[in-house]
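One file, query_5.pdb, is given below (PDB, C-alpha atoms).
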ATOM      1  CA  MET A  30     -10.648  30.707-125.013
ATOM      2  CA  ILE A  31     -13.956  28.905-125.396
ATOM      3  CA  ILE A  32     -15.000  27.837-128.897
ATOM      4  CA  ALA A  33     -18.629  26.728-129.300
ATOM      5  CA  VAL A  34     -19.487  24.744-132.424
ATOM      6  CA  ASP A  35     -23.131  23.945-133.079
ATOM      7  CA  GLY A  36     -25.054  22.486-135.983
ATOM      8  CA  PRO A  37     -27.203  19.611-137.208
ATOM      9  CA  THR A  38     -26.148  16.002-137.595
ATOM     10  CA  ALA A  39     -23.582  15.154-140.311
ATOM     11  CA  SER A  40     -22.796  18.810-140.984
ATOM     12  CA  GLY A  41     -19.092  18.235-140.313
ATOM     13  CA  LYS A  42     -19.074  20.027-136.973
ATOM     14  CA  GLY A  43     -17.476  17.097-135.130
ATOM     15  CA  THR A  44     -14.475  16.842-137.430
ATOM     16  CA  ILE A  45     -14.131  20.623-137.575
ATOM     17  CA  SER A  46     -14.265  20.866-133.771
ATOM     18  CA  LYS A  47     -11.566  18.240-133.314
ATOM     19  CA  GLU A  48      -9.281  20.014-135.760
ATOM     20  CA  LEU A  49      -9.904  23.367-134.072
ATOM     21  CA  ALA A  50      -8.985  21.795-130.737
ATOM     22  CA  LYS A  51      -5.740  20.450-132.229
ATOM     23  CA  HIS A  52      -4.883  23.722-133.963
ATOM     24  CA  PHE A  53      -5.447  25.895-130.904
ATOM     25  CA  ALA A  54      -4.214  23.275-128.385
ATOM     26  CA  LEU A  55      -7.491  23.105-126.458
ATOM     27  CA  PRO A  56      -9.324  20.182-124.846
ATOM     28  CA  PHE A  57     -12.331  18.937-126.841
ATOM     29  CA  LEU A  58     -15.739  17.564-125.855
ATOM     30  CA  ASP A  59     -18.263  16.052-128.239
ATOM     31  CA  THR A  60     -21.355  16.773-126.152
ATOM     32  CA  GLY A  61     -23.464  14.652-128.459
ATOM     33  CA  LEU A  62     -21.725  11.600-127.006
ATOM     34  CA  LEU A  63     -23.339  12.356-123.640
ATOM     35  CA  TYR A  64     -26.787  12.108-125.197
ATOM     36  CA  ARG A  65     -25.762   9.047-127.190
ATOM     37  CA  ALA A  66     -24.645   7.419-123.944
ATOM     38  CA  VAL A  67     -28.059   8.149-122.425
ATOM     39  CA  GLY A  68     -29.802   6.725-125.492
ATOM     40  CA  TRP A  69     -27.593   3.635-125.412
ATOM     41  CA  THR A  70     -28.282   3.107-121.716
ATOM     42  CA  VAL A  71     -32.034   3.470-122.235
ATOM     43  CA  ARG A  72     -31.895   0.722-124.854
ATOM     44  CA  GLU A  73     -29.721  -1.509-122.684
ATOM     45  CA  ASN A  74     -32.224  -1.039-119.857
ATOM     46  CA  GLY A  75     -35.031  -2.140-122.141
ATOM     47  CA  ALA A  76     -36.659   1.231-121.474
ATOM     48  CA  ASP A  77     -38.404   3.848-123.624
ATOM     49  CA  ALA A  78     -36.386   6.775-125.022
ATOM     50  CA  ASP A  79     -39.563   8.825-125.324
ATOM     51  CA  ASN A  80     -40.366   8.399-121.626
ATOM     52  CA  PRO A  81     -38.827  11.251-119.577
ATOM     53  CA  ALA A  82     -38.412   9.131-116.437
ATOM     54  CA  ASP A  83     -36.679   6.306-118.322
ATOM     55  CA  ALA A  84     -34.360   8.766-120.073
ATOM     56  CA  LEU A  85     -33.492  10.571-116.844
ATOM     57  CA  ALA A  86     -32.641   7.275-115.126
ATOM     58  CA  ALA A  87     -30.213   6.536-117.966
ATOM     59  CA  CYS A  88     -28.225   9.725-117.278
ATOM     60  CA  ASN A  89     -26.354   7.913-114.521
ATOM     61  CA  PHE A  90     -24.114   6.125-117.021
ATOM     62  CA  ASP A  91     -20.489   5.137-116.453
ATOM     63  CA  THR A  92     -18.142   7.745-117.979
ATOM     64  CA  ALA A  93     -16.113   4.912-119.519
ATOM     65  CA  LEU A  94     -19.040   4.354-121.894
ATOM     66  CA  LEU A  95     -18.103   7.545-123.775
ATOM     67  CA  GLY A  96     -15.140   5.700-125.294
ATOM     68  CA  ASP A  97     -17.293   2.936-126.806
ATOM     69  CA  PRO A  98     -17.295   3.207-130.641
ATOM     70  CA  ALA A  99     -20.768   1.622-130.671
ATOM     71  CA  LEU A 100     -22.134   5.009-129.589
ATOM     72  CA  ARG A 101     -21.398   6.301-133.102
ATOM     73  CA  SER A 102     -23.996   4.083-134.790
ATOM     74  CA  GLU A 103     -27.012   5.540-136.596
ATOM     75  CA  ALA A 104     -29.406   3.700-134.291
ATOM     76  CA  VAL A 105     -27.856   5.217-131.178
ATOM     77  CA  GLY A 106     -27.831   8.638-132.854
ATOM     78  CA  GLY A 107     -31.574   8.367-133.313
ATOM     79  CA  LEU A 108     -32.013   7.439-129.656
ATOM     80  CA  ALA A 109     -29.840  10.403-128.638
ATOM     81  CA  SER A 110     -32.087  12.772-130.570
ATOM     82  CA  ARG A 111     -35.151  11.309-128.831
ATOM     83  CA  VAL A 112     -33.820  11.537-125.265
ATOM     84  CA  SER A 113     -32.448  15.039-125.858
ATOM     85  CA  VAL A 114     -35.948  16.522-126.111
ATOM     86  CA  HIS A 115     -36.548  15.881-122.392
ATOM     87  CA  PRO A 116     -35.779  18.941-120.219
ATOM     88  CA  GLN A 117     -34.887  16.638-117.314
ATOM     89  CA  VAL A 118     -32.145  14.986-119.377
ATOM     90  CA  ARG A 119     -30.721  18.290-120.581
ATOM     91  CA  ALA A 120     -30.654  19.580-117.002
ATOM     92  CA  ALA A 121     -28.900  16.424-115.780
ATOM     93  CA  LEU A 122     -26.131  16.761-118.381
ATOM     94  CA  HIS A 123     -25.857  20.550-118.222
ATOM     95  CA  LYS A 124     -23.325  20.859-115.364
ATOM     96  CA  ARG A 125     -20.930  18.346-116.891
ATOM     97  CA  GLN A 126     -20.790  20.391-120.103
ATOM     98  CA  VAL A 127     -20.496  23.765-118.375
ATOM     99  CA  ASP A 128     -17.671  22.535-116.146
ATOM    100  CA  PHE A 129     -15.781  21.316-119.214
ATOM    101  CA  ALA A 130     -16.311  24.569-121.098
ATOM    102  CA  TYR A 131     -15.134  26.818-118.275
ATOM    103  CA  GLN A 132     -12.059  24.862-117.222
ATOM    104  CA  PRO A 133      -8.840  26.905-116.938
ATOM    105  CA  GLY A 134      -7.489  27.714-120.387
ATOM    106  CA  GLY A 135     -10.766  27.106-122.199
ATOM    107  CA  ALA A 136     -12.025  24.362-124.477
ATOM    108  CA  VAL A 137     -13.758  23.445-127.726
ATOM    109  CA  LEU A 138     -17.240  21.933-127.463
ATOM    110  CA  ASP A 139     -19.518  20.791-130.237
ATOM    111  CA  GLY A 140     -23.207  20.088-129.977
ATOM    112  CA  ARG A 141     -26.620  21.604-130.586
ATOM    113  CA  ASP A 142     -26.854  24.299-127.901
ATOM    114  CA  ILE A 143     -23.308  25.174-126.868
ATOM    115  CA  GLY A 144     -23.414  28.782-128.032
ATOM    116  CA  THR A 145     -26.974  29.367-126.848
ATOM    117  CA  GLU A 146     -27.189  27.476-123.529
ATOM    118  CA  ILE A 147     -23.940  25.873-122.350
ATOM    119  CA  ALA A 148     -21.472  28.695-123.066
ATOM    120  CA  PRO A 149     -23.495  31.727-124.202
ATOM    121  CA  ASP A 150     -20.483  33.998-123.609
ATOM    122  CA  ALA A 151     -18.053  31.816-125.577
ATOM    123  CA  ASP A 152     -15.258  33.740-127.259
ATOM    124  CA  VAL A 153     -16.058  32.170-130.633
ATOM    125  CA  LYS A 154     -19.331  30.664-131.832
ATOM    126  CA  LEU A 155     -19.644  28.746-135.075
ATOM    127  CA  PHE A 156     -22.828  27.281-136.522
ATOM    128  CA  VAL A 157     -21.890  24.580-139.014
ATOM    129  CA  THR A 158     -24.577  23.476-141.423
ATOM    130  CA  ALA A 159     -25.172  21.852-144.823
ATOM    131  CA  SER A 160     -28.146  20.808-146.910
ATOM    132  CA  ALA A 161     -30.035  17.705-145.790
ATOM    133  CA  ASP A 162     -29.127  15.928-149.043
ATOM    134  CA  ALA A 163     -25.421  16.651-148.621
ATOM    135  CA  ARG A 164     -25.473  15.445-145.029
ATOM    136  CA  ALA A 165     -27.386  12.287-145.941
ATOM    137  CA  LEU A 166     -24.874  11.490-148.701
ATOM    138  CA  ARG A 167     -21.965  11.905-146.275
ATOM    139  CA  ARG A 168     -23.589   9.613-143.756
ATOM    140  CA  PHE A 169     -24.463   7.110-146.515
ATOM    141  CA  LYS A 170     -20.838   6.938-147.694
ATOM    142  CA  GLU A 171     -19.541   6.734-144.132
ATOM    143  CA  MET A 172     -21.791   3.764-143.351
ATOM    144  CA  GLU A 173     -20.902   2.074-146.646
ATOM    145  CA  ARG A 174     -17.214   2.321-145.746
ATOM    146  CA  ARG A 175     -18.003   0.518-142.502
ATOM    147  CA  GLY A 176     -19.562  -2.293-144.514
ATOM    148  CA  GLU A 177     -23.120  -1.557-143.409
ATOM    149  CA  VAL A 178     -26.110  -2.214-145.676
ATOM    150  CA  VAL A 179     -27.663   1.227-146.135
ATOM    151  CA  ASN A 180     -30.420   2.985-148.045
ATOM    152  CA  PHE A 181     -29.952   6.641-148.967
ATOM    153  CA  ASP A 182     -33.656   7.521-148.802
ATOM    154  CA  VAL A 183     -33.963   6.032-145.321
ATOM    155  CA  ILE A 184     -30.937   8.017-144.116
ATOM    156  CA  LEU A 185     -32.270  11.243-145.655
ATOM    157  CA  ALA A 186     -35.674  10.752-144.031
ATOM    158  CA  ASP A 187     -34.021  10.083-140.665
ATOM    159  CA  ILE A 188     -31.861  13.230-140.925
ATOM    160  CA  ARG A 189     -34.904  15.357-141.743
ATOM    161  CA  LYS A 190     -36.780  13.827-138.818
ATOM    162  CA  ARG A 191     -33.878  14.555-136.458
ATOM    163  CA  ASP A 192     -33.624  18.123-137.732
ATOM    164  CA  GLU A 193     -37.298  18.707-137.052
ATOM    165  CA  ARG A 194     -37.084  17.164-133.585
ATOM    166  CA  ASP A 195     -33.955  19.144-132.672
ATOM    167  CA  ARG A 196     -35.317  22.455-133.949
ATOM    168  CA  SER A 197     -38.800  22.160-132.483
ATOM    169  CA  ARG A 198     -38.053  20.907-128.967
ATOM    170  CA  ALA A 199     -39.192  23.236-126.204
ATOM    171  CA  THR A 200     -35.894  23.176-124.301
ATOM    172  CA  ALA A 201     -32.673  24.436-125.969
ATOM    173  CA  PRO A 202     -33.743  23.972-129.594
ATOM    174  CA  LEU A 203     -31.148  23.749-132.341
ATOM    175  CA  LYS A 204     -30.588  27.261-133.670
ATOM    176  CA  PRO A 205     -27.632  29.577-134.308
ATOM    177  CA  ALA A 206     -26.687  31.940-131.513
ATOM    178  CA  LYS A 207     -27.350  35.548-132.527
ATOM    179  CA  ASP A 208     -23.613  36.264-132.628
ATOM    180  CA  ALA A 209     -22.540  32.978-134.261
ATOM    181  CA  ASP A 210     -20.631  32.846-137.540
ATOM    182  CA  LEU A 211     -22.356  30.594-140.094
ATOM    183  CA  LEU A 212     -20.250  28.003-141.913
ATOM    184  CA  ASP A 213     -22.129  26.198-144.702
ATOM    185  CA  THR A 214     -20.180  23.082-145.696
ATOM    186  CA  THR A 215     -22.563  21.862-148.424
ATOM    187  CA  ASP A 216     -20.097  22.469-151.252
ATOM    188  CA  LEU A 217     -16.858  22.329-149.261
ATOM    189  CA  THR A 218     -14.334  19.542-148.859
ATOM    190  CA  ILE A 219     -13.607  18.741-145.228
ATOM    191  CA  GLY A 220     -10.166  20.300-145.654
ATOM    192  CA  ASP A 221     -11.630  23.541-146.964
ATOM    193  CA  ALA A 222     -14.242  23.579-144.183
ATOM    194  CA  ILE A 223     -11.536  23.186-141.531
ATOM    195  CA  GLN A 224      -9.451  25.995-143.023
ATOM    196  CA  GLN A 225     -12.484  28.298-143.144
ATOM    197  CA  ALA A 226     -13.288  27.459-139.521
ATOM    198  CA  ILE A 227      -9.725  28.252-138.415
ATOM    199  CA  ALA A 228      -9.876  31.529-140.354
ATOM    200  CA  LEU A 229     -13.169  32.472-138.677
ATOM    201  CA  VAL A 230     -11.700  31.789-135.229
ATOM    202  CA  ASN A 231      -8.547  33.764-135.995
ATOM    203  CA  GLU A 232     -10.641  36.670-137.267
ATOM    204  CA  LYS A 233     -12.721  36.672-134.093
ATOM    205  CA  ILE A 234      -9.578  36.535-131.927
ATOM    206  CA  SER A 235      -7.978  39.406-133.822
ATOM    207  CA  ARG A 236     -11.089  41.544-133.396
ATOM    208  CA  ARG A 237     -11.094  40.955-129.656
ATOM    209  CA  SER A 238      -7.381  41.688-129.396
ATOM    210  CA  PHE A 239      -7.775  44.894-131.377
ATOM    211  CA  LYS A 240     -10.525  46.105-129.026
TER     212      LYS A 240
END

Take the structure in the file and write it out as structure tokens.
Amino acid sequence: MIIAVDGPTASGKGTISKELAKHFALPFLDTGLLYRAVGWTVRENGADADNPADALAACNFDTALLGDPALRSEAVGGLASRVSVHPQVRAALHKRQVDFAYQPGGAVLDGRDIGTEIAPDADVKLFVTASADARALRRFKEMERRGEVVNFDVILADIRKRDERDRSRATAPLKPAKDADLLDTTDLTIGDAIQQAIALVNEKISRRSFK
């Protein structure tokens, strides 16, 4: 079983995906980390995230980098969004994601284009979203808990900028797959969102079994 979970930043899709993987005993891949690793490497190289050649060169990162918690920072997230607009980068990371998705037994993947590009025939497709204000508040509180000095308006502006960049890019833009189930987490607790996601997957499985 392949479960594809897509959606914008801070929508809750990462946490939901991890819990789905635990619940259904499937391996999990946060594909956004691949792009964060490219963005991180571009910065470490002193290169330009908006330059396609520089971003492509950064795709040859050490896999061990994916375990570095520094990839989770807001700054690296912004770099990931910038490098992800380059078709060359998406092509370079495509095979790694497809291989993970189609391993024996299936998997759970979360990202921006899993249900539309990476695993278009996934058994279950979820598109997790929330209002920009709700997502900015979540990110604000998360960064505060880490002891970071943050400004809500700056975070909100950055989220809106990322949304626009992700939705308007020419290659694999952020959008729900035609057969994806929408899960709006704006007014949900994370626990409620997880339970709704599990219910949506179970419903999809039962439909397939019935057929």

Please build the interface table for stretch 56-158 of chain A against stretch 180-196 of chain A with a cut-off of 9 Å, listing for each qualifying residue the nearest atom pair and the distance in Å to one decimal; count only C-alpha atoms, order rows by chain and increasing number, and write it as a tab-separated table.
residue	atom	partner	partner_atom	distance
A:Glu103	CA	A:Ile184	CA	8.8
A:Gly107	CA	A:Arg191	CA	7.3
A:Ser110	CA	A:Arg191	CA	6.4
A:Arg111	CA	A:Arg194	CA	7.8
A:Ser113	CA	A:Asp195	CA	8.1
A:Val114	CA	A:Asp195	CA	7.3
A:Arg141	CA	A:Asp195	CA	8.0

Closest of A:Ala226, A:Ala93, A:Val179, A:Leu58 to A:Asp128 - atom-to-atom distances counting only C-alpha atoms: A:Leu58

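Atom CA of A:Ala151 to atom CA of A:Ile32 spans 6.0 Å [interatomic distance, one decimal].
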
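Minimum atom-to-atom distance to A:His52, evaluated using all atoms listed in the file, belongs to A:Ile223 out of A:Ile223, A:Ala86, A:Ala159, A:Ile147.
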
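Proximity to A:Ala104 was assessed for A:Arg65, A:Lys204, A:Lys47, A:Arg198 counting all atoms listed in the file; the smallest distance is recorded for A:Arg65.
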
Each side padded by 3 Å, which centre and which edge lengths in Å (one decimal) define the axis-aligned box around the listed atoms of stretch 227-239 of chain A? Give them as JSON.
{"center_x": -10.3, "center_y": 36.6, "center_z": -134.9, "size_x": 11.8, "size_y": 22.6, "size_z": 17.0}

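Of the residues under consideration (A:Gln225, A:Thr60, A:Ser197, A:Thr70), A:Thr60 shows the shortest atom-to-atom contact distance to A:Ala130 when counting only C-alpha atoms.
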
Picked residues, the PyMOL selection byres ((chain A and resi 143) around 12), as number ranges by chain: A: 31-36, 58-61, 119, 123, 126-127, 129-131, 136-142, 144-156, 201-206, 209

Result set, the PyMOL selection byres ((chain A and resi 40) around 6) on current file, as a short mmCIF file (atom, residue, chain, number, x, y, z; two decimals) with C-alpha atoms, in the frame of the given file:
data_model
loop_
_atom_site.label_atom_id
_atom_site.label_comp_id
_atom_site.auth_asym_id
_atom_site.auth_seq_id
_atom_site.Cartn_x
_atom_site.Cartn_y
_atom_site.Cartn_z
CA PRO A 37 -27.20 19.61 -137.21
CA THR A 38 -26.15 16.00 -137.60
CA ALA A 39 -23.58 15.15 -140.31
CA GLY A 41 -19.09 18.24 -140.31
CA LYS A 42 -19.07 20.03 -136.97
CA THR A 158 -24.58 23.48 -141.42
CA ALA A 159 -25.17 21.85 -144.82
CA ARG A 164 -25.47 15.44 -145.03
#
